[in-house]
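Have a look at my_file_13.txt below; it lists compact mmCIF, C-alpha atoms.
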# COMPACT_ATOMS: atom_id res chain seq x y z
CA MET A 1 97.30 110.17 82.56
CA LYS A 2 94.88 107.63 83.79
CA ASN A 3 95.88 108.02 87.40
CA SER A 4 98.08 111.07 87.47
CA THR A 5 95.97 112.95 89.96
CA PRO A 6 95.65 111.55 93.43
CA THR A 7 92.18 111.95 94.86
CA GLU A 8 91.68 114.65 97.43
CA THR A 9 94.15 114.41 100.24
CA SER A 10 93.39 117.54 102.19
CA ALA A 11 90.93 115.83 104.54
CA SER A 12 93.61 113.40 105.65
CA GLN A 13 95.40 116.16 107.48
CA GLU A 14 92.81 116.03 110.19
CA LEU A 15 93.49 112.40 110.88
CA PRO A 16 95.74 111.29 113.68
CA LEU A 17 97.47 108.70 111.58
CA PRO A 18 101.14 108.07 111.22
CA GLU A 19 102.62 109.49 108.07
CA ASN A 20 103.51 106.08 106.76
CA LEU A 21 99.91 104.93 106.79
CA GLN A 22 97.80 107.36 104.87
CA PRO A 23 94.32 106.02 104.29
CA PRO A 24 92.90 105.67 100.82
CA MET A 25 90.97 108.82 100.06
CA ALA A 26 88.35 107.58 97.69
CA ASN A 27 85.91 110.42 97.10
CA GLY A 28 87.34 111.98 100.21
CA GLU A 29 86.44 109.07 102.43
CA VAL A 30 88.67 107.20 104.82
CA ILE A 31 88.66 103.42 104.46
CA PHE A 32 90.55 102.46 107.59
CA ASP A 33 89.72 104.21 110.84
CA ALA A 34 92.79 102.91 112.60
CA PRO A 35 96.08 101.33 111.57
CA TRP A 36 95.14 97.93 113.00
CA GLN A 37 92.21 97.72 110.60
CA GLY A 38 94.53 98.13 107.67
CA ARG A 39 96.88 95.49 109.02
CA ILE A 40 94.10 92.97 109.61
CA PHE A 41 92.88 93.58 106.08
CA ALA A 42 96.36 93.18 104.65
CA MET A 43 97.01 90.01 106.68
CA ALA A 44 93.88 88.40 105.23
CA VAL A 45 94.81 89.37 101.67
CA ALA A 46 98.43 88.22 102.06
CA LEU A 47 97.47 84.90 103.67
CA SER A 48 95.06 84.11 100.87
CA GLU A 49 97.66 85.05 98.27
CA GLN A 50 100.04 82.63 99.90
CA GLY A 51 97.51 79.85 99.81
CA VAL A 52 96.89 79.55 103.55
CA PHE A 53 93.22 79.78 102.62
CA ALA A 54 91.20 80.58 99.54
CA TRP A 55 89.61 84.00 99.48
CA ALA A 56 86.21 82.32 99.12
CA GLU A 57 86.81 80.62 102.47
CA PHE A 58 87.57 83.93 104.10
CA GLN A 59 84.55 85.46 102.48
CA GLN A 60 82.33 82.74 103.92
CA SER A 61 83.83 83.28 107.35
CA LEU A 62 83.14 87.00 107.02
CA ILE A 63 79.58 86.35 105.91
CA ASP A 64 79.10 84.11 108.95
CA ALA A 65 80.56 86.65 111.37
CA ILE A 66 78.43 89.44 109.97
CA ALA A 67 75.31 87.28 109.88
CA GLN A 68 75.77 86.34 113.53
CA PHE A 69 76.12 89.96 114.47
CA ASP A 70 73.27 91.14 112.26
CA ALA A 71 70.96 88.50 113.68
CA LYS A 72 71.54 89.87 117.15
CA ALA A 73 72.00 93.53 116.66
CA GLY A 74 72.27 94.54 113.04
CA ALA A 75 68.99 96.30 112.78
CA SER A 76 69.69 98.51 115.73
CA VAL A 77 73.29 99.34 114.97
CA GLU A 78 74.06 101.74 112.19
CA GLY A 79 76.55 104.20 110.93
CA GLU A 80 79.29 105.10 113.33
CA GLN A 81 78.42 102.32 115.73
CA TYR A 82 78.79 99.58 113.18
CA GLN A 83 82.30 98.25 113.46
CA TYR A 84 82.89 96.39 110.25
CA PHE A 85 86.51 95.59 110.97
CA ASP A 86 85.60 93.88 114.24
CA HIS A 87 83.75 91.35 112.10
CA PHE A 88 86.60 91.20 109.66
CA GLN A 89 89.03 90.50 112.49
CA LEU A 90 86.78 87.84 113.99
CA ALA A 91 86.30 86.21 110.58
CA LEU A 92 90.06 85.94 110.11
CA GLU A 93 90.59 84.57 113.61
CA ASN A 94 87.81 82.02 113.20
CA LEU A 95 89.12 80.79 109.88
CA LEU A 96 92.70 80.47 111.13
CA ALA A 97 91.44 78.60 114.20
CA GLN A 98 89.34 76.27 112.06
CA LYS A 99 92.35 75.47 109.97
CA GLY A 100 94.51 74.97 113.02
CA VAL A 101 96.88 77.69 111.86
CA VAL A 102 96.50 79.97 114.86
CA LEU A 103 94.50 78.57 117.73
CA ASN A 104 92.39 80.88 119.80
CA ALA A 105 94.21 80.00 123.00
CA ALA A 106 97.56 80.92 121.52
CA LEU A 107 96.20 84.18 120.26
CA ASN A 108 94.67 85.01 123.64
CA GLU A 109 97.94 84.24 125.34
CA ARG A 110 99.94 86.44 122.99
CA GLU A 111 97.40 89.22 123.28
CA HIS A 112 97.62 89.18 127.05
CA ALA A 113 101.37 89.17 126.94
CA PHE A 114 101.31 92.22 124.71
CA ALA A 115 98.67 93.95 126.79
CA ASP A 116 100.79 93.44 129.89
CA ARG A 117 103.82 95.12 128.42
CA PRO A 118 104.82 98.01 130.65
CA HIS A 119 104.67 100.19 127.59
CA ASP A 120 100.90 99.81 127.35
CA HIS A 121 100.09 101.80 130.43
CA ASP A 122 96.41 102.09 129.60
CA HIS A 123 95.84 98.40 129.87
CA ASP A 124 92.28 97.43 129.18
CA HIS A 125 90.79 96.25 132.45
CA ASP A 126 87.81 94.40 131.21
CA HIS A 127 90.27 92.19 129.60
CA ASP A 128 91.85 89.98 132.17
CA HIS A 129 88.90 87.98 133.40
CA ASP A 130 88.30 85.32 130.88
CA HIS A 131 89.57 84.35 127.56
CA ASP A 132 86.36 84.45 125.70
CA HIS A 133 86.84 87.75 124.00
CA ASP A 134 83.92 89.94 123.39
CA HIS A 135 84.68 91.19 119.97
CA SER A 136 81.69 93.20 119.23
CA HIS A 137 81.40 95.82 121.89
CA ASN A 138 78.11 95.04 123.56
CA HIS A 139 77.23 91.89 121.76
CA ASP A 140 78.89 88.73 122.72
CA TYR A 141 79.11 86.10 120.15
CA SER A 142 81.96 83.92 121.11
CA HIS A 143 84.74 82.20 119.31
CA SER A 144 83.16 78.87 118.89
CA HIS A 145 85.52 77.12 116.56
CA MET B 1 86.05 95.29 122.46
CA SER B 2 87.81 98.59 122.66
CA GLU B 3 89.89 100.01 119.87
CA LYS B 4 92.91 99.58 122.06
CA SER B 5 92.39 95.87 122.62
CA ALA B 6 91.43 95.29 118.98
CA ALA B 7 94.73 96.84 118.01
CA ILE B 8 96.68 94.70 120.47
CA ARG B 9 94.87 91.59 119.31
CA ALA B 10 95.69 92.39 115.68
CA GLU B 11 99.31 92.92 116.65
CA ALA B 12 99.30 89.60 118.51
CA LEU B 13 97.92 87.79 115.48
CA GLU B 14 100.49 89.37 113.22
CA SER B 15 103.34 88.36 115.50
CA LEU B 16 102.13 84.75 115.62
CA LEU B 17 101.79 84.56 111.85
CA VAL B 18 105.25 86.00 111.38
CA GLU B 19 106.69 83.54 113.88
CA LYS B 20 105.12 80.67 112.05
CA GLY B 21 106.69 81.88 108.85
CA LEU B 22 103.32 82.36 107.16
CA LEU B 23 103.74 86.08 106.67
CA ASP B 24 106.40 88.65 106.93
CA THR B 25 105.82 92.21 107.99
CA ALA B 26 107.13 93.60 104.73
CA ARG B 27 104.49 91.63 102.81
CA ILE B 28 101.74 93.15 104.96
CA ASP B 29 103.21 96.59 104.34
CA ASP B 30 103.24 95.90 100.61
CA VAL B 31 99.56 94.98 100.56
CA LEU B 32 98.71 98.14 102.47
CA THR B 33 100.76 100.29 100.14
CA LEU B 34 99.07 98.72 97.15
CA TYR B 35 95.56 99.42 98.39
CA ASN B 36 96.42 102.78 99.88
CA GLU B 37 98.25 104.22 96.93
CA ARG B 38 97.79 102.34 93.71
CA VAL B 39 94.31 100.82 93.69
CA GLY B 40 91.29 103.07 93.59
CA PRO B 41 88.28 104.31 91.66
CA MET B 42 90.48 106.03 89.07
CA ASN B 43 90.80 102.66 87.34
CA GLY B 44 87.04 102.31 87.05
CA ALA B 45 86.79 105.92 85.90
CA MET B 46 89.31 105.21 83.19
CA LEU B 47 87.17 102.29 81.98
CA VAL B 48 84.04 104.44 81.94
CA ALA B 49 85.78 107.25 80.07
CA LYS B 50 87.12 104.83 77.50
CA ALA B 51 83.71 103.21 77.07
CA TRP B 52 82.12 106.61 76.43
CA ARG B 53 84.68 107.38 73.74
CA ASP B 54 85.11 103.98 72.14
CA ALA B 55 81.92 102.17 71.13
CA HIS B 56 83.78 98.94 70.44
CA PHE B 57 85.37 98.92 73.90
CA LYS B 58 82.02 99.70 75.47
CA GLN B 59 80.50 96.73 73.72
CA GLN B 60 83.32 94.50 74.97
CA LEU B 61 83.03 95.86 78.49
CA LEU B 62 79.31 95.17 78.66
CA ALA B 63 79.58 91.78 77.00
CA ASP B 64 82.40 90.42 79.18
CA GLY B 65 83.83 92.78 81.77
CA THR B 66 86.49 90.36 82.92
CA ALA B 67 87.91 89.91 79.43
CA ALA B 68 87.64 93.59 78.57
CA ILE B 69 89.74 94.75 81.51
CA ALA B 70 92.36 92.03 81.22
CA GLN B 71 94.43 94.19 78.86
CA PHE B 72 95.03 96.81 81.58
CA SER B 73 96.73 94.56 84.13
CA PHE B 74 95.17 96.38 87.04
CA GLU B 75 96.68 95.57 90.38
CA GLY B 76 94.44 94.39 93.20
CA GLY B 77 91.92 91.61 93.17
CA GLN B 78 88.23 90.83 93.23
CA VAL B 79 87.53 91.22 89.53
CA ASP B 80 87.76 87.60 88.45
CA LYS B 81 84.18 87.79 87.31
CA LEU B 82 83.28 91.37 86.49
CA VAL B 83 79.90 92.36 85.15
CA VAL B 84 79.40 95.93 83.98
CA VAL B 85 75.80 97.15 83.87
CA GLU B 86 74.84 100.17 81.81
CA ASN B 87 72.65 103.00 82.98
CA THR B 88 70.26 104.37 80.39
CA ALA B 89 67.30 106.70 80.30
CA GLU B 90 65.11 103.68 81.04
CA VAL B 91 67.18 101.82 83.63
CA HIS B 92 69.25 102.89 86.60
CA ASN B 93 71.51 100.29 88.20
CA VAL B 94 72.80 100.19 91.77
CA VAL B 95 75.20 97.72 93.37
CA VAL B 96 75.20 96.19 96.85
CA CYS B 97 76.59 93.19 98.68
CA THR B 98 73.82 92.11 101.01
CA LEU B 99 75.83 89.46 102.86
CA CYS B 100 79.15 91.15 103.49
CA SER B 101 81.17 93.61 101.47
CA CYS B 102 82.03 92.15 98.05
CA TYR B 103 83.35 94.87 95.79
CA PRO B 104 85.58 95.07 92.69
CA TRP B 105 88.74 96.26 94.44
CA ALA B 106 90.99 96.44 91.39
CA ILE B 107 88.81 99.00 89.65
CA LEU B 108 87.07 100.84 92.52
CA GLY B 109 89.50 100.44 95.42
CA LEU B 110 88.24 99.31 98.80
CA PRO B 111 84.57 99.93 99.55
CA PRO B 112 83.42 103.00 101.46
CA LYS B 113 82.11 102.54 104.97
CA TRP B 114 78.47 103.05 104.11
CA TYR B 115 78.65 100.19 101.59
CA LYS B 116 79.41 97.81 104.45
CA ASP B 117 76.75 99.12 106.81
CA PRO B 118 73.71 96.97 107.61
CA ALA B 119 71.52 99.94 106.75
CA TYR B 120 72.68 100.15 103.15
CA ARG B 121 72.97 96.40 102.69
CA SER B 122 69.41 95.68 103.71
CA ARG B 123 67.59 98.84 102.69
CA VAL B 124 68.81 99.29 99.14
CA VAL B 125 67.18 96.00 98.15
CA ARG B 126 63.86 96.82 99.80
CA GLU B 127 63.56 100.47 98.94
CA PRO B 128 66.24 101.52 96.49
CA ARG B 129 64.62 104.80 95.58
CA ALA B 130 64.46 105.93 99.18
CA VAL B 131 68.12 105.03 99.68
CA LEU B 132 69.10 106.86 96.52
CA THR B 133 67.17 109.89 97.73
CA ASP B 134 69.27 109.81 100.91
CA PHE B 135 72.31 110.09 98.66
CA GLY B 136 70.74 113.11 96.98
CA THR B 137 69.94 111.12 93.87
CA HIS B 138 66.45 111.63 92.51
CA LEU B 139 65.37 109.44 89.62
CA PRO B 140 62.45 109.98 87.29
CA ALA B 141 59.48 107.86 88.35
CA GLU B 142 59.40 106.10 85.00
CA GLN B 143 63.03 104.97 85.23
CA GLU B 144 63.36 101.37 86.35
CA VAL B 145 65.79 100.72 89.23
CA ARG B 146 67.74 97.47 89.21
CA VAL B 147 69.69 96.37 92.28
CA TRP B 148 72.61 94.00 91.75
CA ASP B 149 73.65 91.88 94.70
CA SER B 150 77.33 90.97 94.51
CA SER B 151 77.36 87.30 95.19
CA ALA B 152 80.15 84.90 95.96
CA GLU B 153 81.80 85.35 92.62
CA VAL B 154 80.36 88.17 90.58
CA ARG B 155 81.44 91.77 91.07
CA TYR B 156 79.50 94.60 89.49
CA MET B 157 80.31 98.04 88.23
CA VAL B 158 77.85 100.57 86.88
CA LEU B 159 78.54 102.34 83.59
CA PRO B 160 76.98 105.74 84.27
CA VAL B 161 75.22 107.91 81.72
CA GLN B 162 77.50 110.56 80.30
CA PRO B 163 76.14 113.99 81.20
CA LYS B 164 75.32 116.42 78.43
CA GLY B 165 78.15 118.80 77.82
CA TRP B 166 80.91 116.26 78.54
CA GLU B 167 81.12 115.05 74.94
CA THR B 168 84.01 117.34 74.12
CA LEU B 169 86.15 116.33 77.11
CA SER B 170 89.13 114.05 76.66
CA GLU B 171 89.35 110.71 78.43
CA GLY B 172 91.91 112.21 80.78
CA GLU B 173 89.59 115.06 81.70
CA LEU B 174 86.70 112.67 82.17
CA VAL B 175 88.62 110.45 84.58
CA ASN B 176 88.77 113.31 87.05
CA LYS B 177 85.03 113.88 86.86
CA ILE B 178 83.73 110.34 87.05
CA THR B 179 83.05 109.54 90.70
CA ARG B 180 83.23 106.31 92.63
CA ASP B 181 79.62 106.69 93.75
CA SER B 182 78.42 106.96 90.15
CA MET B 183 80.06 103.59 89.44
CA ILE B 184 78.32 102.01 92.46
CA GLY B 185 75.12 103.59 91.22
CA VAL B 186 74.16 105.79 94.14
CA GLU B 187 74.97 108.96 92.24
CA VAL B 188 73.98 110.31 88.86
CA LEU B 189 76.74 112.38 87.34
CA ALA B 190 75.80 116.01 87.07
CA GLU B 191 75.75 117.90 83.81
CA VAL B 192 77.60 120.72 85.44
CA ALA B 193 80.21 119.33 87.81
CA GLU B 194 82.16 122.48 88.49
Target encoding structure tokens, full file:
Amino acid sequence: MKNSTPTETSASQELPLPENLQPPMANGEVIFDAPWQGRIFAMAVALSEQGVFAWAEFQQSLIDAIAQFDAKAGASVEGEQYQYFDHFQLALENLLAQKGVVLNAALNEREHAFADRPHDHDHDHDHDHDHDHDHSHNHDYSHSH
Amino acid sequence: MSEKSAAIRAEALESLLVEKGLLDTARIDDVLTLYNERVGPMNGAMLVAKAWRDAHFKQQLLADGTAAIAQFSFEGGQVDKLVVVENTAEVHNVVVCTLCSCYPWAILGLPPKWYKDPAYRSRVVREPRAVLTDFGTHLPAEQEVRVWDSSAEVRYMVLPVQPKGWETLSEGELVNKITRDSMIGVEVLAEVAE
């Protein structure tokens, strides 16, 4: 009885998400805007469960990523424009780079290889110039670790 | 960074982690399924309903949230140090994480978007009443507002005031009426919720 009724699911029908990745509908609200956000979240959780890092370490990395962004732009960016999972993604990348688990260069290389797949016909053009990825839309704080 | 490139970058990271043997795709799927389907605010609602009906449990929950919820074996994390704060006629509590997005996943699910926004994170500390008004929550002037900042370790949940007229409802009926936002403290449960 305690959880027999799923929370409202009707709103999810408007979402262009694959059937196998329904977002959590907590009070009718979507948690992940896109499948990649869910996967980044799940990667961080799974890696910490497997002892690659402690969750507290990830949390500190997330605090740092958000603080860097907030210091530059936080006050002027709200609501829809605030891309929380960009910070989450950057925090995970930074921590894995710090620990030498996945180096930034290797990640860039793999990303470019994937982006160049013929399948991805709408290849992102602002992408092939340098390897210092601008993670935060208009605000460039770089991968410094 | 566009959505498209963020997605490709996430895929690239996943493929590297899988190659290194640190993760497998099925494990990632399992985590997603857990948080998409089995972890959510219904667990917190169940705790609130039980506390309203069982004075002894309520006392336990307020005294040591972590110990009180251990018996339920909730899935999902982030409740290693749970503090439950009680709303009363005198005090209204509201929860925030000013530095990032700390939240008691196992009992409330993953946090809503607004909880992670800079606007909520900074404003609710400075002017909680104004923020609550934005949520449609109007508190009596004499009621004290306490803001709890989820720090590195502690996670908070609000025990809302039970509305008049709900006393005859069963715990099961209550669970469907107790909202996530009331357990974060940005909503006061309505006496008539129909």
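One finds atom CA of B:Trp52 at 22.7 Å from atom CA of B:Pro140.
Taking all atoms listed in the file into account, chain A lies nearest to B:Leu23 out of the set B:Val83, B:Ile178, B:Leu23, B:Val96.
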Within 12 Å of A:Ala106 using only C-alpha atoms, minus same-chain residues under 4 positions, as a PDB file with C-alpha atoms, keeping the file's coordinate frame:
ATOM      1  CA  GLU A  93      90.590  84.570 113.610  1.00  0.00           C
ATOM      2  CA  LEU A  96      92.700  80.470 111.130  1.00  0.00           C
ATOM      3  CA  ALA A  97      91.440  78.600 114.200  1.00  0.00           C
ATOM      4  CA  GLY A 100      94.510  74.970 113.020  1.00  0.00           C
ATOM      5  CA  VAL A 101      96.880  77.690 111.860  1.00  0.00           C
ATOM      6  CA  VAL A 102      96.500  79.970 114.860  1.00  0.00           C
ATOM      7  CA  ARG A 110      99.940  86.440 122.990  1.00  0.00           C
ATOM      8  CA  GLU A 111      97.400  89.220 123.280  1.00  0.00           C
ATOM      9  CA  HIS A 112      97.620  89.180 127.050  1.00  0.00           C
ATOM     10  CA  ALA A 113     101.370  89.170 126.940  1.00  0.00           C
ATOM     11  CA  HIS A 131      89.570  84.350 127.560  1.00  0.00           C
TER      12      HIS A 131
ATOM     13  CA  ARG B   9      94.870  91.590 119.310  1.00  0.00           C
ATOM     14  CA  ALA B  12      99.300  89.600 118.510  1.00  0.00           C
ATOM     15  CA  LEU B  13      97.920  87.790 115.480  1.00  0.00           C
ATOM     16  CA  SER B  15     103.340  88.360 115.500  1.00  0.00           C
ATOM     17  CA  LEU B  16     102.130  84.750 115.620  1.00  0.00           C
ATOM     18  CA  LEU B  17     101.790  84.560 111.850  1.00  0.00           C
TER      19      LEU B  17
END
Using atom CA of B:Asp149 and atom CA of A:Ile63 as the two end points, give the distance in Å to one decimal.
13.8 Å
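Between atom CA of B:Arg53 and atom CA of B:Val94 there is a distance of 22.8 Å.
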Option closest in space to chain B, from A:Ala54, A:Ile66, A:Lys72, A:Asn94 [counting only C-alpha atoms]
A:Ile66
Distance limit 8 Å, atoms considered: only C-alpha atoms. Which chain B residues sit that close to chain A? Return them as a ChimeraX atom specification.
/B:1-2,4-14,16-17,22-23,27-29,31-32,35-37,40-43,46,99-100,109-114,116-119,152,172,175-176,179-180
Starting from 4 Å padding per side, set up an axis-aligned box that covers all listed atoms of stretch 32-51 of chain A and hand over centre and edge lengths in Å, one decimal, as AutoDock Vina command-line options.
--center_x 94.9 --center_y 92.0 --center_z 105.6 --size_x 18.3 --size_y 32.4 --size_z 22.7
Contact residues around stretch 64-80 of chain B with all atoms listed in the file at 6 Å, ignoring same-chain residues under 4 positions, as a PyMOL selection string
chain B and resi 60+84+104-106
